[in-house]
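Visitor: Okay, handing you the structure first.
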Amino acid sequence: MKPDKIRELLDERWPEFPVAATQQLSRAGLEDRILTAAVRTGLVIRLRRGAYVRSAYWHGLKPWVRDGLLVHAHHLSTGGASRYSHVSAARLHECQVWGAGPRVHVTTGYANSRKSAGEDVRTHRARLGSTDLTSFLTSDGREILATSLARTVLDCARTLPLEQAAVIGDHALRKGADLPSLRRLLDEGPEKRGSRRARLLLDSLDGRSESAGETRTRLLLHSLGRRNFTPQVEILTSAGLFRADFADPGSKIIIEFDGAGKYTDYRSTDEVLLAERRRETALIEEGWSVLRLVWTHLDRPAELNRRIQAMAERSRRRSA
């Protein structure tokens, strides 16, 4: 079968949801012969046994969106009995996840079957009570079982490096989790392994951070001993009220994390640049200095510390 004919059939018959199971594709008229040819020609990707996605769609996604779809692929290919946990549950809760890898995480109290396990799956053994679980309904009517938001935060705290767990935990606070409940669940729950790491994580969370970059920036500033920078500070200027990612009123230094898409998701680049220029000019007129960070700066803490110190010294000289 020629690629053009296969593409035509895929356009006509592919279900409305992006990741589809073999049975769903067969019901839509894409039987094994067509599906095998589509995979062979590169028009369809087999994510795992029994779960497929169109290549053009897959390659147009951000890596973290792909990682979330791998959870759905696992669910389709294993019959839906798994209880997703840790990073996979965080993705189902639509929490931001940074640097945690594409593996699918499930929690079970028994040995996983070969069908649900594999190199792309990490199995955790633990008891899950009814309050530890929640479920999600997909657009194609599937029910996905996962750990609750609070249990997910604590599981990630026990197993992930602090930065990665904090990105998830900060976002969970913005989605309705609260620290007193998290602490109570940690203290009263039967799971004791990793409790010290979980307490350190809870002590470091701050729901005011609005992105993975802001979470990492806050943790880095704290590690440098610079706890005088407060997240989401509102500053009144002649051009209006502006909110800084981090600000230290004492030194009048603002730190902004400029992640990709932060300003340009909803406006054109020209509009954004003009608005930012006006904003920064107004802040400078009020005596503020602005330090803009990107991802690579977070990997060079000594250099960042020197830049902040130099800005603080210039600020002191101006005010002397």
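FYI, nothing fancy with the structure tokens labels: chains A, B, ... in order, residues from 1 per chain, ligands from 1 as they appear.
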Excluding Arg278 of chain A and residues on its chain fewer than 4 positions from it, collect all residues at most 8 Å away from it, counting only C-alpha atoms, and give them as a PyMOL selection string.

Guide: chain A and resi 239+274+282

Visitor: Write out as JSON, numbers by chain which residues come within 10 Å of segment 243-247 of chain A when counting only C-alpha atoms, dropping same-chain ones fewer than 5 positions away.

Guide: {"A": [208, 209, 210, 214, 217, 218, 221, 228, 229, 230, 231, 232, 233, 234, 235, 236, 252, 253, 254, 255, 256, 257, 258, 288, 289, 290, 291]}

Visitor: Can you tell me which residues surround Trp64 of chain A at a distance of at most 12 Å, considering only C-alpha atoms, apart from same-chain residues fewer than 4 positions away, and format the answer as JSON, numbers by chain?

Guide: {"A": [58, 60, 68, 69, 70, 71, 87, 88, 90, 91, 94, 95, 96, 97, 98, 99, 100, 101, 102, 103]}

Visitor: Would you mind exporting the chosen residues as a PDB file, in the first residue's frame, restricted to N, CA and C atoms?

Guide:
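Output file out-v1.pdb follows:
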ATOM      1  N   TRP A  58       2.630  13.562  17.091  1.00  0.00           N
ATOM      2  CA  TRP A  58       3.608  13.292  18.152  1.00  0.00           C
ATOM      3  C   TRP A  58       4.809  14.234  18.060  1.00  0.00           C
ATOM      4  N   GLY A  60       4.993  17.098  16.872  1.00  0.00           N
ATOM      5  CA  GLY A  60       4.646  18.505  17.101  1.00  0.00           C
ATOM      6  C   GLY A  60       4.442  18.858  18.560  1.00  0.00           C
ATOM      7  N   GLY A  68       3.257  12.875  29.188  1.00  0.00           N
ATOM      8  CA  GLY A  68       1.915  12.671  29.715  1.00  0.00           C
ATOM      9  C   GLY A  68       1.113  11.686  28.884  1.00  0.00           C
ATOM     10  N   LEU A  69       1.298  11.719  27.575  1.00  0.00           N
ATOM     11  CA  LEU A  69       0.561  10.790  26.712  1.00  0.00           C
ATOM     12  C   LEU A  69       1.036   9.356  26.884  1.00  0.00           C
ATOM     13  N   LEU A  70       2.281   9.182  27.345  1.00  0.00           N
ATOM     14  CA  LEU A  70       2.768   7.819  27.581  1.00  0.00           C
ATOM     15  C   LEU A  70       1.975   7.130  28.694  1.00  0.00           C
ATOM     16  N   VAL A  71       1.470   7.911  29.644  1.00  0.00           N
ATOM     17  CA  VAL A  71       0.614   7.342  30.687  1.00  0.00           C
ATOM     18  C   VAL A  71      -0.662   6.796  30.054  1.00  0.00           C
ATOM     19  N   VAL A  87       5.322  10.508  39.569  1.00  0.00           N
ATOM     20  CA  VAL A  87       5.355  11.481  38.468  1.00  0.00           C
ATOM     21  C   VAL A  87       4.167  11.301  37.526  1.00  0.00           C
ATOM     22  N   SER A  88       3.770  10.057  37.267  1.00  0.00           N
ATOM     23  CA  SER A  88       2.648   9.822  36.353  1.00  0.00           C
ATOM     24  C   SER A  88       1.350  10.387  36.916  1.00  0.00           C
ATOM     25  N   ALA A  90       1.219  12.898  38.997  1.00  0.00           N
ATOM     26  CA  ALA A  90       1.378  14.355  38.909  1.00  0.00           C
ATOM     27  C   ALA A  90       0.970  14.850  37.531  1.00  0.00           C
ATOM     28  N   ARG A  91       1.331  14.105  36.508  1.00  0.00           N
ATOM     29  CA  ARG A  91       0.945  14.509  35.142  1.00  0.00           C
ATOM     30  C   ARG A  91      -0.560  14.414  34.942  1.00  0.00           C
ATOM     31  N   GLU A  94      -2.260  17.243  36.189  1.00  0.00           N
ATOM     32  CA  GLU A  94      -1.863  18.413  35.412  1.00  0.00           C
ATOM     33  C   GLU A  94      -0.956  19.347  36.201  1.00  0.00           C
ATOM     34  N   CYS A  95      -0.131  18.755  37.065  1.00  0.00           N
ATOM     35  CA  CYS A  95       0.917  19.519  37.735  1.00  0.00           C
ATOM     36  C   CYS A  95       2.109  19.656  36.787  1.00  0.00           C
ATOM     37  N   GLN A  96       2.853  20.732  36.948  1.00  0.00           N
ATOM     38  CA  GLN A  96       4.085  20.868  36.182  1.00  0.00           C
ATOM     39  C   GLN A  96       5.084  19.825  36.661  1.00  0.00           C
ATOM     40  N   VAL A  97       5.781  19.235  35.709  1.00  0.00           N
ATOM     41  CA  VAL A  97       6.809  18.242  36.021  1.00  0.00           C
ATOM     42  C   VAL A  97       8.069  18.662  35.272  1.00  0.00           C
ATOM     43  N   TRP A  98       9.180  18.685  35.999  1.00  0.00           N
ATOM     44  CA  TRP A  98      10.437  19.096  35.380  1.00  0.00           C
ATOM     45  C   TRP A  98      11.517  18.025  35.610  1.00  0.00           C
ATOM     46  N   GLY A  99      12.153  17.603  34.496  1.00  0.00           N
ATOM     47  CA  GLY A  99      13.328  16.760  34.580  1.00  0.00           C
ATOM     48  C   GLY A  99      13.118  15.385  35.170  1.00  0.00           C
ATOM     49  N   ALA A 100      11.911  14.854  35.162  1.00  0.00           N
ATOM     50  CA  ALA A 100      11.646  13.578  35.836  1.00  0.00           C
ATOM     51  C   ALA A 100      11.660  12.382  34.899  1.00  0.00           C
ATOM     52  N   GLY A 101      11.845  12.603  33.601  1.00  0.00           N
ATOM     53  CA  GLY A 101      11.932  11.488  32.672  1.00  0.00           C
ATOM     54  C   GLY A 101      10.577  10.963  32.240  1.00  0.00           C
ATOM     55  N   PRO A 102      10.562  10.137  31.187  1.00  0.00           N
ATOM     56  CA  PRO A 102       9.300   9.682  30.604  1.00  0.00           C
ATOM     57  C   PRO A 102       8.716   8.408  31.199  1.00  0.00           C
ATOM     58  N   ARG A 103       9.381   7.780  32.148  1.00  0.00           N
ATOM     59  CA  ARG A 103       8.887   6.507  32.670  1.00  0.00           C
ATOM     60  C   ARG A 103       7.489   6.639  33.276  1.00  0.00           C
TER      61      ARG A 103
END

Visitor: Can you tell me, as a PyMOL selection string, what residues are no more than 8 Å from segment 189-205 of chain A when counting only C-alpha atoms, ignoring any on the same chain fewer than 4 positions away?

Guide: chain A and resi 126+154+157-159+162+165-166+169-170+179+182-183+185+219

Visitor: Please produce an output containing N, CA, C and O atoms for each residue in the selection, written as a short mmCIF file (atom, residue, chain, number, x, y, z; two decimals), in the first residue's frame.

Guide:
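The resulting selection.cif:
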data_model
loop_
_atom_site.label_atom_id
_atom_site.label_comp_id
_atom_site.auth_asym_id
_atom_site.auth_seq_id
_atom_site.Cartn_x
_atom_site.Cartn_y
_atom_site.Cartn_z
N ALA A 126 3.33 -0.52 47.58
CA ALA A 126 2.82 0.19 48.76
C ALA A 126 1.34 -0.11 48.90
O ALA A 126 0.66 -0.47 47.93
N LEU A 154 3.57 13.66 48.27
CA LEU A 154 4.43 12.98 49.25
C LEU A 154 5.22 11.85 48.60
O LEU A 154 6.40 11.64 48.92
N ALA A 157 7.98 13.46 46.81
CA ALA A 157 8.94 13.98 47.79
C ALA A 157 9.88 12.89 48.28
O ALA A 157 11.06 13.13 48.54
N ARG A 158 9.35 11.69 48.42
CA ARG A 158 10.16 10.57 48.94
C ARG A 158 11.15 10.03 47.92
O ARG A 158 12.15 9.42 48.28
N THR A 159 10.87 10.21 46.64
CA THR A 159 11.65 9.51 45.61
C THR A 159 12.42 10.41 44.66
O THR A 159 13.33 9.93 43.99
N LEU A 162 15.14 17.11 45.34
CA LEU A 162 14.35 18.21 45.90
C LEU A 162 13.78 19.13 44.83
O LEU A 162 12.59 19.48 44.86
N ALA A 165 10.87 17.47 42.93
CA ALA A 165 9.69 17.31 43.78
C ALA A 165 9.05 18.65 44.11
O ALA A 165 7.82 18.76 44.20
N ALA A 166 9.87 19.70 44.27
CA ALA A 166 9.34 21.02 44.61
C ALA A 166 8.54 21.63 43.46
O ALA A 166 7.55 22.33 43.69
N GLY A 169 5.29 19.97 43.86
CA GLY A 169 4.64 20.39 45.10
C GLY A 169 4.14 21.83 45.05
O GLY A 169 3.02 22.11 45.51
N ASP A 170 4.94 22.74 44.49
CA ASP A 170 4.50 24.13 44.37
C ASP A 170 3.22 24.22 43.55
O ASP A 170 2.27 24.94 43.90
N LEU A 179 -0.55 22.80 52.95
CA LEU A 179 0.56 22.26 53.73
C LEU A 179 0.13 21.58 55.02
O LEU A 179 0.66 20.50 55.34
N LEU A 182 -0.98 18.13 54.14
CA LEU A 182 0.15 17.32 53.69
C LEU A 182 0.98 16.85 54.87
O LEU A 182 1.41 15.70 54.94
N ARG A 183 1.21 17.75 55.82
CA ARG A 183 2.01 17.38 57.00
C ARG A 183 1.27 16.33 57.83
O ARG A 183 1.88 15.39 58.35
N LEU A 185 -0.94 14.12 56.74
CA LEU A 185 -0.90 12.86 56.01
C LEU A 185 0.47 12.20 56.16
O LEU A 185 0.57 10.98 56.32
N LEU A 219 14.60 28.13 45.02
CA LEU A 219 15.45 27.19 45.74
C LEU A 219 16.92 27.55 45.61
O LEU A 219 17.69 27.42 46.57
#

Visitor: Which one is closest to Ser82 of chain A: A:His171, A:Arg122, A:Arg49, A:Arg318? Count only C-alpha atoms.

Guide: A:Arg122

Visitor: Can you list, as number ranges by chain, every residue of segment 4-90 of chain A that DSSP puts in helix (DSSP H, G or I)?

Guide: A: 4-13, 22-27, 32-40, 55-59, 63-78, 86-90

Visitor: Find the spatial neighbours of Ala73 of chain A, counting only C-alpha atoms, within a cut-off of 7 Å - ignore same-chain residues fewer than 6 positions away - and output them as a VMD selection string.

Guide: chain A and resid 19 47 to 48 51

Visitor: Now that the selection is made, can you save its residues with C-alpha atoms as a compact mmCIF listing (two decimals), in the first residue's frame?

Guide:
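Contents of out.txt, as written:
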# COMPACT_ATOMS: atom_id res chain seq x y z
CA VAL A 19 -3.47 8.00 21.32
CA LEU A 47 4.23 3.87 21.74
CA ARG A 48 3.97 0.45 23.35
CA ALA A 51 -1.12 1.87 21.72

Visitor: What separation in Å, quoted to one decimal, exists between atom CA of Ser26 of chain A and atom CA of Gly50 of chain A?

Guide: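 One can read the atom CA of Ser26 of chain A to atom CA of Gly50 of chain A distance as 11.2 Å.
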
Visitor: One decimal, Å: what's the distance from atom CA of Leu298 of chain A over to atom CA of Gly213 of chain A, could you say?

Guide: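 Rounded to one decimal, the two atoms are 8.6 Å apart.
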